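Chemist: Structure file model.cif, mmCIF, N, CA and C atoms and all ligand atoms, is pasted below:
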```cif
data_structure
loop_
_atom_site.label_atom_id
_atom_site.label_comp_id
_atom_site.auth_asym_id
_atom_site.auth_seq_id
_atom_site.Cartn_x
_atom_site.Cartn_y
_atom_site.Cartn_z
N MET A 1438 11.44 11.26 0.00
CA MET A 1438 11.91 9.96 0.52
C MET A 1438 10.73 8.99 0.55
N SER A 1439 10.96 7.79 0.09
CA SER A 1439 9.90 6.76 0.10
C SER A 1439 10.41 5.51 0.81
N THR A 1440 9.49 4.80 1.43
CA THR A 1440 9.83 3.51 2.03
C THR A 1440 8.91 2.46 1.44
N VAL A 1441 9.52 1.36 0.99
CA VAL A 1441 8.72 0.26 0.45
C VAL A 1441 9.08 -1.01 1.22
N VAL A 1442 8.12 -1.92 1.29
CA VAL A 1442 8.36 -3.22 1.93
C VAL A 1442 8.04 -4.28 0.88
N TYR A 1443 9.05 -5.08 0.56
CA TYR A 1443 8.86 -6.11 -0.46
C TYR A 1443 8.92 -7.49 0.14
N SER A 1444 8.10 -8.37 -0.39
CA SER A 1444 8.17 -9.78 -0.05
C SER A 1444 9.13 -10.43 -1.05
N ILE A 1445 10.18 -11.07 -0.52
CA ILE A 1445 11.20 -11.69 -1.37
C ILE A 1445 11.35 -13.15 -0.94
N PRO A 1446 10.62 -14.05 -1.60
CA PRO A 1446 10.56 -15.45 -1.15
C PRO A 1446 11.91 -16.16 -1.10
N ASN A 1447 12.88 -15.74 -1.92
CA ASN A 1447 14.19 -16.41 -1.94
C ASN A 1447 15.08 -16.13 -0.74
N ILE A 1448 14.71 -15.20 0.10
CA ILE A 1448 15.54 -14.95 1.29
C ILE A 1448 15.40 -16.15 2.22
N ASN A 1449 16.52 -16.83 2.54
CA ASN A 1449 16.37 -17.92 3.50
C ASN A 1449 17.47 -18.01 4.54
N CYS A 1450 18.45 -17.11 4.51
CA CYS A 1450 19.47 -17.15 5.55
C CYS A 1450 20.15 -15.79 5.66
N MET A 1451 21.08 -15.69 6.60
CA MET A 1451 21.76 -14.42 6.82
C MET A 1451 22.64 -14.03 5.62
N HIS A 1452 23.06 -15.03 4.86
CA HIS A 1452 23.85 -14.72 3.66
C HIS A 1452 22.99 -13.97 2.65
N CYS A 1453 21.77 -14.42 2.47
CA CYS A 1453 20.84 -13.74 1.57
C CYS A 1453 20.62 -12.31 2.05
N VAL A 1454 20.40 -12.17 3.34
CA VAL A 1454 20.16 -10.84 3.93
C VAL A 1454 21.35 -9.92 3.61
N HIS A 1455 22.55 -10.44 3.82
CA HIS A 1455 23.76 -9.64 3.59
C HIS A 1455 23.87 -9.24 2.11
N THR A 1456 23.65 -10.21 1.23
CA THR A 1456 23.75 -9.94 -0.21
C THR A 1456 22.77 -8.85 -0.63
N ILE A 1457 21.54 -8.99 -0.21
CA ILE A 1457 20.51 -8.02 -0.58
C ILE A 1457 20.85 -6.64 -0.04
N GLN A 1458 21.22 -6.60 1.23
CA GLN A 1458 21.52 -5.30 1.84
C GLN A 1458 22.70 -4.63 1.15
N THR A 1459 23.73 -5.40 0.82
CA THR A 1459 24.92 -4.83 0.19
C THR A 1459 24.62 -4.36 -1.23
N GLU A 1460 23.97 -5.20 -2.02
CA GLU A 1460 23.75 -4.87 -3.43
C GLU A 1460 22.76 -3.73 -3.61
N VAL A 1461 21.68 -3.74 -2.87
CA VAL A 1461 20.68 -2.68 -3.05
C VAL A 1461 21.22 -1.35 -2.53
N ALA A 1462 22.03 -1.40 -1.47
CA ALA A 1462 22.59 -0.17 -0.90
C ALA A 1462 23.52 0.53 -1.88
N GLU A 1463 24.03 -0.20 -2.87
CA GLU A 1463 24.92 0.41 -3.85
C GLU A 1463 24.20 1.32 -4.83
N LEU A 1464 22.89 1.19 -4.92
CA LEU A 1464 22.13 2.07 -5.83
C LEU A 1464 22.13 3.50 -5.29
N ASP A 1465 22.42 4.43 -6.16
CA ASP A 1465 22.39 5.85 -5.81
C ASP A 1465 21.00 6.24 -5.31
N GLY A 1466 20.92 6.84 -4.15
CA GLY A 1466 19.64 7.30 -3.64
C GLY A 1466 19.03 6.38 -2.60
N VAL A 1467 19.57 5.16 -2.46
CA VAL A 1467 19.05 4.24 -1.45
C VAL A 1467 19.65 4.61 -0.09
N LYS A 1468 18.77 4.87 0.88
CA LYS A 1468 19.21 5.33 2.19
C LYS A 1468 19.35 4.19 3.20
N SER A 1469 18.45 3.23 3.14
CA SER A 1469 18.59 2.10 4.05
C SER A 1469 17.90 0.86 3.48
N VAL A 1470 18.48 -0.27 3.82
CA VAL A 1470 17.94 -1.56 3.38
C VAL A 1470 17.99 -2.49 4.58
N VAL A 1471 16.84 -2.99 4.98
CA VAL A 1471 16.80 -3.94 6.09
C VAL A 1471 16.05 -5.17 5.60
N ALA A 1472 16.78 -6.28 5.46
CA ALA A 1472 16.16 -7.53 5.03
C ALA A 1472 16.04 -8.44 6.24
N ASN A 1473 15.05 -9.32 6.20
CA ASN A 1473 14.79 -10.21 7.34
C ASN A 1473 14.59 -11.64 6.83
N ALA A 1474 15.42 -12.56 7.33
CA ALA A 1474 15.38 -13.93 6.85
C ALA A 1474 14.15 -14.69 7.36
N GLU A 1475 13.58 -14.26 8.48
CA GLU A 1475 12.42 -14.97 9.02
C GLU A 1475 11.12 -14.58 8.32
N THR A 1476 10.96 -13.28 8.10
CA THR A 1476 9.73 -12.83 7.45
C THR A 1476 9.87 -12.86 5.93
N ARG A 1477 11.13 -12.98 5.43
CA ARG A 1477 11.41 -12.92 3.99
C ARG A 1477 10.88 -11.62 3.38
N MET A 1478 11.14 -10.56 4.10
CA MET A 1478 10.75 -9.24 3.64
C MET A 1478 11.97 -8.33 3.66
N ALA A 1479 11.91 -7.28 2.84
CA ALA A 1479 12.96 -6.26 2.86
C ALA A 1479 12.28 -4.89 2.90
N THR A 1480 12.76 -4.05 3.80
CA THR A 1480 12.26 -2.69 3.92
C THR A 1480 13.35 -1.76 3.39
N ILE A 1481 12.98 -0.97 2.39
CA ILE A 1481 13.97 -0.15 1.69
C ILE A 1481 13.50 1.30 1.66
N THR A 1482 14.38 2.19 2.10
CA THR A 1482 14.08 3.63 2.07
C THR A 1482 14.98 4.27 1.02
N PHE A 1483 14.37 5.08 0.16
CA PHE A 1483 15.14 5.64 -0.95
C PHE A 1483 14.57 6.98 -1.39
N GLU A 1484 15.37 7.67 -2.18
CA GLU A 1484 14.92 8.90 -2.84
C GLU A 1484 15.54 8.90 -4.24
N PRO A 1485 15.09 9.76 -5.14
CA PRO A 1485 15.68 9.80 -6.48
C PRO A 1485 17.19 10.05 -6.40
N PRO A 1486 17.99 9.49 -7.31
CA PRO A 1486 17.57 8.81 -8.55
C PRO A 1486 17.14 7.35 -8.38
N ALA A 1487 17.13 6.81 -7.18
CA ALA A 1487 16.63 5.44 -7.02
C ALA A 1487 15.11 5.44 -7.27
N SER A 1488 14.59 4.29 -7.69
CA SER A 1488 13.16 4.14 -7.93
C SER A 1488 12.79 2.69 -7.65
N GLU A 1489 11.50 2.45 -7.48
CA GLU A 1489 11.07 1.07 -7.27
C GLU A 1489 11.49 0.19 -8.44
N GLU A 1490 11.39 0.72 -9.65
CA GLU A 1490 11.76 -0.04 -10.83
C GLU A 1490 13.24 -0.46 -10.77
N LYS A 1491 14.11 0.50 -10.41
CA LYS A 1491 15.55 0.18 -10.34
C LYS A 1491 15.85 -0.81 -9.22
N ILE A 1492 15.19 -0.63 -8.09
CA ILE A 1492 15.43 -1.54 -6.96
C ILE A 1492 14.99 -2.96 -7.33
N LYS A 1493 13.80 -3.07 -7.92
CA LYS A 1493 13.30 -4.40 -8.30
C LYS A 1493 14.19 -5.03 -9.35
N SER A 1494 14.75 -4.21 -10.22
CA SER A 1494 15.63 -4.74 -11.25
C SER A 1494 16.93 -5.28 -10.65
N VAL A 1495 17.49 -4.58 -9.66
CA VAL A 1495 18.70 -5.08 -8.98
C VAL A 1495 18.37 -6.40 -8.27
N LEU A 1496 17.25 -6.44 -7.59
CA LEU A 1496 16.87 -7.65 -6.86
C LEU A 1496 16.70 -8.84 -7.80
N ALA A 1497 16.12 -8.59 -8.97
CA ALA A 1497 15.95 -9.67 -9.94
C ALA A 1497 17.30 -10.14 -10.45
N GLU A 1498 18.21 -9.18 -10.70
CA GLU A 1498 19.54 -9.53 -11.22
C GLU A 1498 20.33 -10.41 -10.26
N ILE A 1499 20.19 -10.17 -8.97
CA ILE A 1499 20.95 -10.96 -8.00
C ILE A 1499 20.16 -12.19 -7.53
N ASN A 1500 19.07 -12.47 -8.23
CA ASN A 1500 18.30 -13.69 -7.97
C ASN A 1500 17.41 -13.65 -6.73
N TYR A 1501 16.99 -12.45 -6.35
CA TYR A 1501 16.03 -12.31 -5.26
C TYR A 1501 14.84 -11.49 -5.76
N PRO A 1502 14.10 -12.03 -6.74
CA PRO A 1502 12.99 -11.26 -7.28
C PRO A 1502 11.90 -11.00 -6.24
N VAL A 1503 11.29 -9.83 -6.37
CA VAL A 1503 10.18 -9.46 -5.49
C VAL A 1503 8.95 -10.27 -5.90
N ALA A 1504 8.23 -10.78 -4.90
CA ALA A 1504 7.00 -11.54 -5.18
C ALA A 1504 5.98 -10.63 -5.84
N ALA A 1505 5.26 -11.19 -6.81
CA ALA A 1505 4.26 -10.39 -7.55
C ALA A 1505 3.12 -9.98 -6.64
CU CU A 1601 20.70 -17.43 2.09
#
```
Starting from the file, lay out its structure as structure tokens.
Modeler:
Amino acid sequence: MSTVVYSIPNINCMHCVHTIQTEVAELDGVKSVVANAETRMATITFEPPASEEKIKSVLAEINYPVAA
């Protein structure tokens, strides 16, 4: 099990938080997703077959790319 914390500058309201939490949670292996509109961060806990690469790819697809 791994936990990552990503900075996602596009998060700006509770709708963004909901979208991110719903979409990332659909990935197989993702155990929890907590996004925060104030800090613009998301904390994601996952295990295989989920991976950082897959999570970042979902976030980019839904228009919430992780800050470099
Ligand atoms: Cu929003």
Chemist: Please identify every polymer residue within 8 Å of ligand CU 1601 (chain A), using only N, CA and C atoms and all ligand atoms, and present the set as a count of residues only.
Modeler: 11
Chemist: How many Å lie between CA of Glu1460 (chain A) and CA of Leu1496 (chain A), rounded to one decimal?
Modeler: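 Pair CA of Glu1460 (chain A) / CA of Leu1496 (chain A) returns 8.2 Å.
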Chemist: I'd like the neighbourhood of Pro1485 (chain A) as an MDAnalysis selection string, where a residue qualifies if any of its atoms comes within 8 Å (using all atoms listed in the file), though same-chain residues fewer than 6 positions away should be ignored.
Modeler: chainID A and resid 1438:1439 1465:1467
Chemist: Just give me the gap between atom N of Val1495 (chain A) and atom N of Val1461 (chain A) in Å, one decimal is fine.
Modeler: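 So the two atoms, atom N of Val1495 (chain A) and atom N of Val1461 (chain A), lie 8.0 Å apart.
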Chemist: Suppose you want the space between CA of Phe1483 (chain A) and atom N of Ser1444 (chain A); what is it in Å?
Modeler: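 A separation of 15.7 Å between them.
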Chemist: Nearest to Ala1472 (chain A): which of A:Ser1488, A:Ser1494, A:Asn1500, A:Gln1458 is it, counting only N, CA and C atoms?
Modeler: A:Gln1458
Chemist: Of the candidates A:Tyr1443, A:Ile1457, A:Ala1487, A:Asn1473, which shows the shortest atom-to-atom distance to Ile1499 (chain A), using all atoms listed in the file?
Modeler: A:Ile1457
Chemist: Taking only chain A into account, list the residues labelled strand (DSSP E) by DSSP (computed from the backbone), as number ranges by chain.
Modeler: A: 1439-1444, 1467-1473, 1478-1483
Chemist: Residues of the last selection are to be written out with N, CA and C atoms, as an mmCIF file, keeping the file's coordinate frame.
Modeler:
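Full text of part.cif as output:
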```cif
data_model
loop_
_atom_site.group_PDB
_atom_site.id
_atom_site.type_symbol
_atom_site.label_atom_id
_atom_site.label_comp_id
_atom_site.auth_asym_id
_atom_site.auth_seq_id
_atom_site.Cartn_x
_atom_site.Cartn_y
_atom_site.Cartn_z
ATOM 1 N N SER A 1439 10.960 7.790 0.090
ATOM 2 C CA SER A 1439 9.900 6.760 0.100
ATOM 3 C C SER A 1439 10.410 5.510 0.810
ATOM 4 N N THR A 1440 9.490 4.800 1.430
ATOM 5 C CA THR A 1440 9.830 3.510 2.030
ATOM 6 C C THR A 1440 8.910 2.460 1.440
ATOM 7 N N VAL A 1441 9.520 1.360 0.990
ATOM 8 C CA VAL A 1441 8.720 0.260 0.450
ATOM 9 C C VAL A 1441 9.080 -1.010 1.220
ATOM 10 N N VAL A 1442 8.120 -1.920 1.290
ATOM 11 C CA VAL A 1442 8.360 -3.220 1.930
ATOM 12 C C VAL A 1442 8.040 -4.280 0.880
ATOM 13 N N TYR A 1443 9.050 -5.080 0.560
ATOM 14 C CA TYR A 1443 8.860 -6.110 -0.460
ATOM 15 C C TYR A 1443 8.920 -7.490 0.140
ATOM 16 N N SER A 1444 8.100 -8.370 -0.390
ATOM 17 C CA SER A 1444 8.170 -9.780 -0.050
ATOM 18 C C SER A 1444 9.130 -10.430 -1.050
ATOM 19 N N VAL A 1467 19.570 5.160 -2.460
ATOM 20 C CA VAL A 1467 19.050 4.240 -1.450
ATOM 21 C C VAL A 1467 19.650 4.610 -0.090
ATOM 22 N N LYS A 1468 18.770 4.870 0.880
ATOM 23 C CA LYS A 1468 19.210 5.330 2.190
ATOM 24 C C LYS A 1468 19.350 4.190 3.200
ATOM 25 N N SER A 1469 18.450 3.230 3.140
ATOM 26 C CA SER A 1469 18.590 2.100 4.050
ATOM 27 C C SER A 1469 17.900 0.860 3.480
ATOM 28 N N VAL A 1470 18.480 -0.270 3.820
ATOM 29 C CA VAL A 1470 17.940 -1.560 3.380
ATOM 30 C C VAL A 1470 17.990 -2.490 4.580
ATOM 31 N N VAL A 1471 16.840 -2.990 4.980
ATOM 32 C CA VAL A 1471 16.800 -3.940 6.090
ATOM 33 C C VAL A 1471 16.050 -5.170 5.600
ATOM 34 N N ALA A 1472 16.780 -6.280 5.460
ATOM 35 C CA ALA A 1472 16.160 -7.530 5.030
ATOM 36 C C ALA A 1472 16.040 -8.440 6.240
ATOM 37 N N ASN A 1473 15.050 -9.320 6.200
ATOM 38 C CA ASN A 1473 14.790 -10.210 7.340
ATOM 39 C C ASN A 1473 14.590 -11.640 6.830
ATOM 40 N N MET A 1478 11.140 -10.560 4.100
ATOM 41 C CA MET A 1478 10.750 -9.240 3.640
ATOM 42 C C MET A 1478 11.970 -8.330 3.660
ATOM 43 N N ALA A 1479 11.910 -7.280 2.840
ATOM 44 C CA ALA A 1479 12.960 -6.260 2.860
ATOM 45 C C ALA A 1479 12.280 -4.890 2.900
ATOM 46 N N THR A 1480 12.760 -4.050 3.800
ATOM 47 C CA THR A 1480 12.260 -2.690 3.920
ATOM 48 C C THR A 1480 13.350 -1.760 3.390
ATOM 49 N N ILE A 1481 12.980 -0.970 2.390
ATOM 50 C CA ILE A 1481 13.970 -0.150 1.690
ATOM 51 C C ILE A 1481 13.500 1.300 1.660
ATOM 52 N N THR A 1482 14.380 2.190 2.100
ATOM 53 C CA THR A 1482 14.080 3.630 2.070
ATOM 54 C C THR A 1482 14.980 4.270 1.020
ATOM 55 N N PHE A 1483 14.370 5.080 0.160
ATOM 56 C CA PHE A 1483 15.140 5.640 -0.950
ATOM 57 C C PHE A 1483 14.570 6.980 -1.390
#
```
Chemist: Find the residue from A:Ala1505, A:Thr1440, A:Ala1497, A:Thr1482 that sits nearest to Val1470 (chain A); use only C-alpha atoms when measuring.
Modeler: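 Of A:Ala1505, A:Thr1440, A:Ala1497, A:Thr1482, the one nearest Val1470 (chain A), counting only C-alpha atoms, is A:Thr1482.
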Chemist: Set the distance at 7 Å and use all atoms listed in the file: which residues neighbour Val1442 (chain A) once local chain neighbours fewer than 4 positions away are removed? I'd like the list as a compact mmCIF listing (two decimals) with N, CA and C atoms, in the frame of the given file.
Modeler:
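Produced file selection-v7.txt, reproduced below:
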```txt
# COMPACT_ATOMS: atom_id res chain seq x y z
N MET A 1478 11.14 -10.56 4.10
CA MET A 1478 10.75 -9.24 3.64
C MET A 1478 11.97 -8.33 3.66
N ALA A 1479 11.91 -7.28 2.84
CA ALA A 1479 12.96 -6.26 2.86
C ALA A 1479 12.28 -4.89 2.90
N THR A 1480 12.76 -4.05 3.80
CA THR A 1480 12.26 -2.69 3.92
C THR A 1480 13.35 -1.76 3.39
N ILE A 1481 12.98 -0.97 2.39
CA ILE A 1481 13.97 -0.15 1.69
C ILE A 1481 13.50 1.30 1.66
```
